[in-house]
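Text of protein25.txt (compact mmCIF, C-alpha atoms) as supplied:
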```
# COMPACT_ATOMS: atom_id res chain seq x y z
CA MET A 999 379.75 -228.18 96.73
CA HIS A 1000 381.20 -228.41 100.23
CA PRO A 1001 382.54 -231.90 101.17
CA ALA A 1002 380.56 -231.85 104.42
CA ASP A 1003 377.42 -230.75 102.63
CA PRO A 1004 376.63 -233.34 99.94
CA THR A 1005 373.03 -232.09 99.45
CA GLY A 1006 374.04 -228.46 98.81
CA GLN A 1007 371.64 -227.08 101.46
CA LEU A 1008 374.41 -225.39 103.44
CA THR A 1009 375.69 -223.64 100.33
CA GLN A 1010 372.20 -222.38 99.48
CA GLN A 1011 371.69 -221.03 102.98
CA ARG A 1012 374.99 -219.12 102.85
CA ARG A 1013 373.86 -217.36 99.69
CA ILE A 1014 370.91 -215.75 101.51
CA VAL A 1015 371.87 -212.25 102.65
CA PRO A 1016 369.52 -210.90 105.36
CA ARG A 1017 368.28 -207.32 105.01
CA SER A 1018 368.47 -204.86 107.83
CA ALA A 1019 365.06 -203.94 109.21
CA ALA A 1020 363.82 -200.43 108.37
CA SER A 1021 363.38 -198.00 111.23
CA PRO A 1022 359.82 -197.06 112.30
CA ALA A 1023 360.31 -193.54 110.92
CA GLU A 1024 361.44 -194.88 107.54
CA ALA A 1025 358.53 -197.32 107.43
CA ALA A 1026 356.05 -194.57 108.28
CA SER A 1027 357.54 -192.27 105.67
CA GLY A 1028 357.33 -194.97 103.02
CA SER A 1029 353.73 -195.80 103.95
CA LEU A 1030 352.76 -192.11 103.80
CA ALA A 1031 354.37 -191.69 100.39
CA GLU A 1032 352.58 -194.79 99.13
CA LEU A 1033 349.27 -193.52 100.52
CA ARG A 1034 349.75 -190.14 98.86
CA SER A 1035 350.43 -191.78 95.49
CA VAL A 1036 347.24 -193.81 95.83
CA LEU A 1037 345.12 -190.79 96.79
CA ASP A 1038 346.61 -188.76 93.93
CA ALA A 1039 345.24 -191.37 91.50
CA VAL A 1040 341.75 -191.45 93.04
CA PRO A 1041 339.18 -189.67 90.78
CA GLU A 1042 337.18 -188.39 93.77
CA ALA A 1043 338.26 -185.23 95.58
CA VAL A 1044 339.95 -186.18 98.87
CA LEU A 1045 340.90 -183.70 101.60
CA VAL A 1046 342.51 -184.32 104.99
CA PHE A 1047 341.99 -181.73 107.74
CA ASP A 1048 343.85 -181.36 111.02
CA PRO A 1049 342.01 -180.93 114.38
CA GLU A 1050 341.82 -177.16 113.78
CA GLY A 1051 340.14 -177.70 110.41
CA ARG A 1052 343.13 -176.70 108.27
CA VAL A 1053 343.88 -178.61 105.09
CA ARG A 1054 346.83 -180.97 105.47
CA PHE A 1055 346.38 -182.79 102.19
CA ALA A 1056 344.34 -182.36 99.01
CA ASN A 1057 344.67 -184.64 95.98
CA PRO A 1058 344.69 -183.32 92.38
CA ALA A 1059 340.95 -183.96 92.01
CA VAL A 1060 340.32 -181.14 94.50
CA GLY A 1061 342.23 -178.72 92.29
CA ALA A 1062 340.25 -179.88 89.25
CA LEU A 1063 337.01 -179.33 91.15
CA PHE A 1064 337.99 -175.83 92.31
CA PRO A 1065 340.43 -174.54 89.68
CA GLY A 1066 342.36 -171.50 90.86
CA ARG A 1067 340.60 -171.60 94.25
CA PRO A 1068 342.61 -173.78 96.65
CA VAL A 1069 340.73 -174.84 99.78
CA SER A 1070 342.26 -173.38 102.97
CA ASP A 1071 340.19 -175.01 105.69
CA HIS A 1072 336.99 -176.92 106.44
CA ARG A 1073 334.90 -173.76 106.77
CA ASP A 1074 336.15 -172.52 103.42
CA LEU A 1075 335.17 -175.82 101.78
CA MET A 1076 331.66 -175.96 103.23
CA GLY A 1077 331.11 -172.32 102.34
CA ARG A 1078 331.35 -173.28 98.67
CA PHE A 1079 328.19 -175.40 98.93
CA GLU A 1080 324.61 -174.49 99.67
CA PRO A 1081 323.86 -174.43 103.42
CA LEU A 1082 322.91 -177.79 104.86
CA PRO A 1083 319.40 -178.22 106.26
CA ALA A 1084 318.92 -177.98 110.01
CA GLY A 1085 319.75 -181.20 111.76
CA ALA A 1086 322.02 -182.51 109.00
CA PRO A 1087 324.69 -184.86 110.42
CA SER A 1088 328.28 -183.64 110.61
CA GLU A 1089 329.63 -187.11 109.97
CA GLY A 1090 328.68 -189.80 107.47
CA THR A 1091 327.39 -189.19 103.93
CA ILE A 1092 325.27 -186.22 102.77
CA LEU A 1093 324.32 -184.65 99.43
CA VAL A 1094 325.54 -181.11 98.71
CA ARG A 1095 325.24 -178.68 95.80
CA PRO A 1096 327.91 -176.07 94.87
CA ILE A 1097 326.74 -172.46 95.08
CA ARG A 1098 328.35 -171.53 91.77
CA THR A 1099 326.97 -174.57 89.90
CA PRO A 1100 323.69 -175.54 91.62
CA ASN A 1101 322.83 -177.95 88.81
CA ARG A 1102 325.51 -180.35 90.09
CA TRP A 1103 325.25 -182.74 93.03
CA PHE A 1104 328.04 -184.17 95.17
CA GLU A 1105 328.06 -186.92 97.73
CA LEU A 1106 330.17 -185.73 100.66
CA ARG A 1107 331.47 -188.39 103.01
CA SER A 1108 333.09 -187.26 106.29
CA VAL A 1109 335.11 -189.66 108.44
CA PRO A 1110 336.94 -188.83 111.70
CA LEU A 1111 340.68 -189.34 111.44
CA GLY A 1112 342.95 -190.13 114.38
CA LEU A 1113 346.11 -188.02 114.38
CA GLY A 1114 347.90 -189.41 117.41
CA THR A 1115 348.63 -186.89 120.15
CA GLN A 1116 347.25 -184.08 117.98
CA GLY A 1117 343.68 -185.19 118.53
CA HIS A 1118 341.23 -185.99 115.78
CA GLY A 1119 341.19 -184.57 112.31
CA ARG A 1120 338.84 -185.35 109.48
CA ILE A 1121 338.98 -186.81 105.98
CA LEU A 1122 336.40 -185.73 103.40
CA VAL A 1123 335.63 -187.40 100.07
CA LEU A 1124 333.60 -185.61 97.39
CA ARG A 1125 332.07 -187.70 94.62
CA ASP A 1126 330.11 -186.23 91.69
CA VAL A 1127 326.67 -187.91 91.61
CA THR A 1128 324.94 -185.43 89.28
CA ASN A 1129 324.03 -188.05 86.68
CA ALA A 1130 322.64 -190.41 89.30
CA GLN A 1131 320.55 -187.63 90.88
CA GLU A 1132 319.17 -186.52 87.51
CA SER A 1133 318.36 -190.12 86.65
CA ARG A 1134 316.45 -190.54 89.93
CA ALA A 1135 314.56 -187.29 89.36
CA ASP A 1136 313.64 -188.32 85.81
CA ARG A 1137 312.52 -191.73 87.06
CA ARG A 1138 310.27 -190.20 89.72
CA ALA A 1139 308.76 -187.75 87.24
CA TYR A 1140 308.34 -190.49 84.65
CA LEU A 1141 306.44 -192.75 87.03
CA SER A 1142 304.25 -189.88 88.21
CA ILE A 1143 303.35 -188.81 84.67
CA LEU A 1144 302.94 -192.40 83.51
CA SER A 1145 300.39 -193.14 86.24
CA HIS A 1146 298.44 -190.03 85.21
CA GLU A 1147 298.64 -190.74 81.49
CA LEU A 1148 297.63 -194.39 81.83
CA ARG A 1149 294.58 -193.71 83.98
CA THR A 1150 292.85 -191.55 81.35
CA PRO A 1151 292.76 -194.03 78.43
CA ILE A 1152 292.13 -197.00 80.70
CA THR A 1153 289.16 -195.21 82.32
CA THR A 1154 287.71 -194.28 78.92
CA ILE A 1155 288.14 -197.78 77.53
CA TYR A 1156 286.66 -199.38 80.63
CA ALA A 1157 283.67 -197.04 80.85
CA GLY A 1158 282.98 -197.19 77.11
CA SER A 1159 283.13 -200.94 76.95
CA ARG A 1160 280.72 -201.23 79.90
CA LEU A 1161 278.31 -198.81 78.23
CA LEU A 1162 278.42 -200.72 74.95
CA SER A 1163 277.77 -203.98 76.75
CA ARG A 1164 274.43 -202.65 78.01
CA ARG A 1165 271.35 -201.82 76.05
CA VAL A 1166 271.63 -198.29 74.64
CA ARG A 1167 269.29 -196.12 76.68
CA ARG A 1168 267.52 -193.00 75.59
CA GLY A 1169 269.84 -190.00 75.80
CA SER A 1170 273.03 -192.12 75.84
CA PRO A 1171 275.79 -191.29 73.35
CA PRO A 1172 275.50 -193.17 70.04
CA PRO A 1173 277.53 -196.40 69.95
CA ASP A 1174 279.71 -195.11 67.09
CA GLU A 1175 280.88 -192.14 69.21
CA ILE A 1176 281.68 -194.43 72.11
CA ALA A 1177 283.57 -196.78 69.80
CA ALA A 1178 285.54 -193.81 68.39
CA ASP A 1179 286.52 -192.69 71.90
CA ILE A 1180 287.64 -196.22 72.75
CA SER A 1181 289.69 -196.41 69.56
CA VAL A 1182 291.44 -193.08 70.24
CA GLU A 1183 292.28 -193.95 73.82
CA ALA A 1184 293.40 -197.47 72.90
CA ALA A 1185 295.83 -195.97 70.37
CA ARG A 1186 297.09 -193.59 73.04
CA LEU A 1187 297.54 -196.47 75.46
CA TYR A 1188 299.43 -198.41 72.77
CA ASP A 1189 301.80 -195.47 72.25
CA LEU A 1190 302.43 -195.17 75.99
CA VAL A 1191 303.34 -198.84 76.22
CA GLU A 1192 305.69 -198.46 73.24
CA ASP A 1193 307.32 -195.44 74.88
CA LEU A 1194 307.64 -197.33 78.16
CA LEU A 1195 309.35 -200.27 76.46
CA ALA A 1196 311.74 -198.03 74.53
CA LEU A 1197 312.72 -196.05 77.61
CA THR A 1198 313.16 -199.22 79.67
CA ARG A 1199 315.54 -200.60 77.06
CA LEU A 1200 317.45 -197.32 76.99
CA GLU A 1201 317.72 -197.19 80.79
CA ARG A 1202 319.01 -200.77 80.90
CA GLU A 1203 321.22 -200.24 77.84
CA MET A 1204 319.28 -203.00 76.07
CA LEU A 1205 318.14 -200.91 73.10
CA GLU A 1206 319.86 -202.38 70.06
CA LEU A 1207 319.92 -199.63 67.44
CA SER A 1208 320.86 -200.97 64.03
CA ASP A 1209 323.37 -198.90 62.07
CA GLU A 1210 321.75 -198.73 58.64
CA PRO A 1211 320.86 -196.15 55.97
CA VAL A 1212 317.34 -194.85 56.57
CA SER A 1213 315.16 -192.93 54.10
CA LEU A 1214 313.42 -190.11 55.97
CA PRO A 1215 310.65 -189.64 53.34
CA ARG A 1216 309.67 -193.29 53.79
CA VAL A 1217 309.70 -192.95 57.56
CA ALA A 1218 307.59 -189.79 57.28
CA GLU A 1219 305.05 -191.51 55.01
CA SER A 1220 304.67 -194.32 57.54
CA ALA A 1221 304.14 -191.82 60.37
CA ILE A 1222 301.55 -189.98 58.26
CA ARG A 1223 299.61 -193.18 57.59
CA THR A 1224 299.51 -193.92 61.33
CA ASN A 1225 298.29 -190.42 62.11
CA ALA A 1226 295.68 -190.51 59.33
CA SER A 1227 294.20 -193.73 60.73
CA ARG A 1228 293.79 -192.08 64.13
CA THR A 1229 292.99 -188.44 63.37
CA PRO A 1230 291.83 -188.24 59.73
CA SER A 1231 290.63 -184.64 60.27
CA VAL A 1232 294.23 -183.40 60.66
CA PRO A 1233 296.08 -183.22 57.32
CA VAL A 1234 299.84 -183.87 57.30
CA ILE A 1235 302.02 -182.68 54.43
CA ILE A 1236 305.63 -183.59 53.55
CA ALA A 1237 307.73 -180.68 52.29
CA GLY A 1238 311.38 -179.80 51.79
CA ALA A 1239 313.98 -181.96 50.04
CA SER A 1240 312.41 -184.63 47.83
CA ASP A 1241 315.49 -186.85 47.87
CA PRO A 1242 317.51 -186.04 51.01
CA PRO A 1243 320.56 -188.10 52.01
CA ALA A 1244 319.86 -191.28 53.93
CA ILE A 1245 320.55 -190.99 57.62
CA ARG A 1246 322.37 -193.32 59.97
CA GLY A 1247 320.20 -194.99 62.57
CA ASP A 1248 317.37 -197.43 63.11
CA ALA A 1249 314.28 -197.04 60.91
CA ALA A 1250 311.83 -198.37 63.54
CA TYR A 1251 313.02 -196.02 66.28
CA ILE A 1252 313.32 -193.02 63.95
CA GLU A 1253 309.70 -193.61 62.97
CA HIS A 1254 308.83 -193.91 66.67
CA ALA A 1255 310.46 -190.53 67.35
CA LEU A 1256 308.78 -188.83 64.37
CA ARG A 1257 305.40 -190.36 65.18
CA ASN A 1258 305.59 -188.85 68.66
CA LEU A 1259 306.27 -185.40 67.19
CA VAL A 1260 303.38 -185.70 64.74
CA THR A 1261 301.04 -186.95 67.47
CA SER A 1262 301.95 -183.98 69.66
CA ALA A 1263 301.35 -181.56 66.78
CA SER A 1264 298.05 -183.26 65.94
CA ARG A 1265 296.82 -183.21 69.54
CA TYR A 1266 297.81 -179.63 70.38
CA GLY A 1267 297.83 -177.93 66.99
CA GLY A 1268 294.08 -177.40 66.89
CA PRO A 1269 291.37 -179.32 65.00
CA GLY A 1270 291.79 -179.20 61.25
CA SER A 1271 295.09 -177.31 61.43
CA PRO A 1272 297.53 -178.77 58.89
CA ILE A 1273 300.85 -180.23 60.02
CA ILE A 1274 303.93 -179.88 57.85
CA ILE A 1275 306.87 -182.30 57.98
CA ARG A 1276 309.85 -180.55 56.44
CA ILE A 1277 313.00 -182.55 55.65
CA GLU A 1278 316.23 -180.64 55.00
CA SER A 1279 319.87 -181.48 54.43
CA LEU A 1280 322.18 -179.34 56.55
CA GLY A 1281 325.54 -180.68 55.34
CA ASP A 1282 326.70 -182.70 58.31
CA GLU A 1283 323.12 -183.33 59.47
CA VAL A 1284 319.72 -184.15 58.04
CA ALA A 1285 316.91 -182.36 59.88
CA VAL A 1286 313.23 -183.20 60.30
CA ARG A 1287 311.00 -180.29 61.29
CA VAL A 1288 307.37 -180.79 62.35
CA LEU A 1289 305.44 -177.50 62.05
CA ASP A 1290 302.09 -176.97 63.76
CA ARG A 1291 299.73 -174.19 64.85
CA ARG A 1292 299.45 -174.77 68.58
CA SER A 1293 298.36 -171.68 70.47
CA ASP A 1294 300.69 -171.88 73.49
CA ALA A 1295 304.04 -171.83 71.66
CA SER A 1296 306.06 -169.32 73.64
CA THR A 1297 309.78 -169.75 74.16
CA GLU A 1298 309.17 -170.33 77.88
CA THR A 1299 306.87 -173.29 77.32
CA LEU A 1300 308.89 -174.80 74.48
CA ASP A 1301 312.17 -174.73 76.44
CA THR A 1302 310.96 -177.72 78.49
CA MET A 1303 309.13 -179.48 75.67
CA PHE A 1304 311.41 -182.54 75.67
CA ALA A 1305 311.75 -182.72 79.46
CA LEU A 1306 309.63 -184.54 82.02
CA VAL A 1307 307.43 -181.92 83.64
CA ASP A 1308 305.63 -183.36 86.64
CA GLU A 1309 303.04 -180.63 87.12
CA PRO A 1310 299.24 -180.82 87.30
CA ASN A 1311 297.73 -180.85 83.79
CA ALA A 1312 301.15 -180.14 82.21
CA PRO A 1313 301.04 -183.03 79.69
CA ARG A 1314 297.63 -181.97 78.32
CA ARG A 1315 298.22 -178.23 78.55
CA LEU A 1316 301.62 -178.08 76.88
CA GLY A 1317 302.02 -181.35 75.06
CA LEU A 1318 304.75 -182.33 77.46
CA GLY A 1319 305.35 -185.62 79.16
CA ILE A 1320 306.51 -189.05 78.23
CA PRO A 1321 306.31 -189.19 74.38
CA LEU A 1322 308.58 -186.22 73.69
CA PHE A 1323 310.94 -187.18 76.50
CA VAL A 1324 311.28 -190.64 74.92
CA THR A 1325 311.81 -189.01 71.52
CA ARG A 1326 314.76 -187.05 72.89
CA ARG A 1327 316.28 -190.13 74.46
CA ILE A 1328 315.93 -192.14 71.23
CA VAL A 1329 317.42 -189.40 69.04
CA GLU A 1330 320.32 -188.78 71.43
CA ALA A 1331 321.02 -192.53 71.57
CA MET A 1332 321.59 -192.34 67.80
CA GLY A 1333 323.93 -189.36 68.15
CA GLY A 1334 321.37 -186.72 67.17
CA ARG A 1335 319.76 -183.68 68.76
CA VAL A 1336 316.24 -182.31 69.27
CA TRP A 1337 314.71 -178.84 69.55
CA ALA A 1338 311.43 -176.99 70.02
CA VAL A 1339 311.11 -173.33 68.98
CA PRO A 1340 308.21 -170.94 68.26
CA ARG A 1341 307.41 -170.15 64.61
CA ALA A 1342 307.56 -166.54 63.50
CA ASP A 1343 304.03 -166.68 62.07
CA GLY A 1344 302.53 -168.60 64.99
CA GLY A 1345 302.69 -172.18 66.19
CA ALA A 1346 305.67 -174.34 67.04
CA GLU A 1347 308.48 -176.19 65.33
CA LEU A 1348 309.52 -179.49 66.88
CA GLY A 1349 312.37 -181.32 65.24
CA PHE A 1350 315.41 -183.52 65.36
CA ALA A 1351 318.58 -183.95 63.34
CA LEU A 1352 320.71 -187.02 62.69
CA GLN A 1353 323.93 -187.65 60.84
CA PRO A 1354 323.77 -188.70 57.19
CA TYR A 1355 324.77 -192.23 56.32
CA ARG A 1356 328.22 -192.45 54.77
CA LEU A 1357 329.71 -195.69 53.51
CA GLY A 1358 332.89 -196.15 55.51
CA VAL A 1359 335.92 -198.28 54.84
CA GLY A 1360 334.68 -200.89 57.28
CA ASP A 1361 331.29 -201.01 55.53
CA ALA A 1362 332.62 -201.76 52.05
```
So that I can check it, write out the structure of this file as structure tokens.
Amino acid sequence: MHPADPTGQLTQQRRIVPRSAASPAEAASGSLAELRSVLDAVPEAVLVFDPEGRVRFANPAVGALFPGRPVSDHRDLMGRFEPLPAGAPSEGTILVRPIRTPNRWFELRSVPLGLGTQGHGRILVLRDVTNAQESRADRRAYLSILSHELRTPITTIYAGSRLLSRRVRRGSPPPDEIAADISVEAARLYDLVEDLLALTRLEREMLELSDEPVSLPRVAESAIRTNASRTPSVPVIIAGASDPPAIRGDAAYIEHALRNLVTSASRYGGPGSPIIIRIESLGDEVAVRVLDRRSDASTETLDTMFALVDEPNAPRRLGLGIPLFVTRRIVEAMGGRVWAVPRADGGAELGFALQPYRLGVGDA
């Protein structure tokens, strides 16, 4: 410690070595390098164009989006997407679809970029929003079909109950027929509400699927009892493996999925036509096949069986709509798959497969 500095402050100050200030060019170079490193890590495709529309910078996401096809300029980039509608803004955010993969959607955001004395360039950001667009389309179709499906049973129940509340007039349908119609439509309304609740939980990731061994023959027997109470004129038979491996999943939701398949087969398979539930072990999967005799079972109609088809009369004509769409979502949530194919001897096969239950180390 210096004799004239008993507190030590002077000594501490002398230890501080000032740094020389960086030049503007060095600062700009460092900032640009830092910016490039940030943009390289961004998952969205980012391109910077000069005032003439030539690419000055493209991050690795651009190369991943267009492998082996580097973008040369702005015109080249926009030529890879479907033409924009007339009047579409040149700046801001728009939705575009690639020509080579029209099933994908991208959000393209364009922002003017000042480039000093060189005028104005442009920075474009491409973000894949395919999942969000498909979700919105499914939601719109779901609500449209739901409104149609709900009106029919509600109208029948309302009209039938009003008719029963009055004195039966000459020529009116017998009360037992009216009561039967009300019972059928009430069951249909119950199923729609169950489907709505299941899909809502799936959409909000609130569906808690228990991971337990499930006996498919027991699930099938429960589904058969439900169908017999509603449509006793349609026989349902269990065939295939008598003691298949237990599957991994949730018994209540597997029954929900199978009940929807049986209901579809019962409704569109023709009056009195038997339905067969065939259970088979496929090694790494256990399959459930529901076989019916529906008349319109072409490959073209069955390809969209588990999709939401928002077309006039489509749910009644093809057996499409909410129940089978919900079945697919439930099965896929449990790691399984669904299918719908025509049978060689007529009719359709609707089915799903799930993984067998295996006792793991963590389950012991």
Please identify all polymer residues within 6 Å of Leu1289 of chain A, counting only C-alpha atoms, omitting same-chain residues fewer than 6 positions from it, and present them as number ranges by chain.
A: 1273-1274, 1346-1347
Shortest interatomic distance to Ile1155 of chain A - which of A:Ala1342, A:Leu1187, A:Ile1092, A:Val1053, counting only C-alpha atoms:
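With only C-alpha atoms as the atom set, the closest residue is A:Leu1187.
Coordinates place atom CA of Glu1283 of chain A at a distance of 8.3 Å from atom CA of Ile1245 of chain A.
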Quick one: everything within 9 Å of segment 1117-1129 of chain A, counting only C-alpha atoms, minus sequence neighbours fewer than 5 positions away in the same chain. Send it as a list in words.
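These residues fall inside the cut-off: Pro1041, Glu1042, Ala1043, Val1044, Leu1045, Val1046, Phe1047, Asp1048, Pro1049, Glu1050, Gly1051, Val1060, Leu1093, Asn1101, Arg1102, Trp1103, Phe1104, Glu1105, Leu1106, Arg1107, Ser1108, Val1109, Pro1110, Leu1111, Gly1112 and Arg1134 of chain A.
Taking atom CA of Ile1222 of chain A as the reference point, atom CA of Ser1264 of chain A is found at 10.8 Å.
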Under the rule that only C-alpha atoms are counted, which of A:Ile1320, A:Val1284, A:Leu1300, A:Leu1037 is the nearest residue to Arg1341 of chain A?
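Distance minimum relative to Arg1341 of chain A lands on A:Leu1300.
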Could you tell me which of A:Gly1066, A:Pro1211, A:Gly1061, A:Gly1267 comes closest to Ala1250 of chain A if we count all atoms listed in the file?
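Using all atoms listed in the file, the shortest distance to Ala1250 of chain A belongs to A:Pro1211.
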Separation of atom CA of Ser1262 of chain A from atom CA of Asp1248 of chain A in Å:
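Separating atom CA of Asp1248 of chain A from atom CA of Ser1262 of chain A is a distance of 21.5 Å.
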Would you kindly identify which residues have an atom no farther than 9 Å from (308.2, -199.3, 62.4), using all atoms listed in the file and the file's own coordinates, and write them out as a CSV table (one decimal) with C-alpha atoms, keeping the file's coordinate frame?
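Writing the result to selection.csv gives the following:
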```csv
chain,number,residue,atom,x,y,z
A,1217,VAL,CA,309.7,-193.0,57.6
A,1220,SER,CA,304.7,-194.3,57.5
A,1221,ALA,CA,304.1,-191.8,60.4
A,1249,ALA,CA,314.3,-197.0,60.9
A,1250,ALA,CA,311.8,-198.4,63.5
A,1251,TYR,CA,313.0,-196.0,66.3
A,1252,ILE,CA,313.3,-193.0,64.0
A,1253,GLU,CA,309.7,-193.6,63.0
A,1254,HIS,CA,308.8,-193.9,66.7
```
Let me make sure I understand: among A:Thr1299, A:Val1329, A:Asn1225, A:Gly1158, which one has the smallest atom-to-atom distance to Asp1174 of chain A if we use all atoms listed in the file?
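Once distances to Asp1174 of chain A are computed over all atoms listed in the file, the minimum belongs to A:Gly1158.
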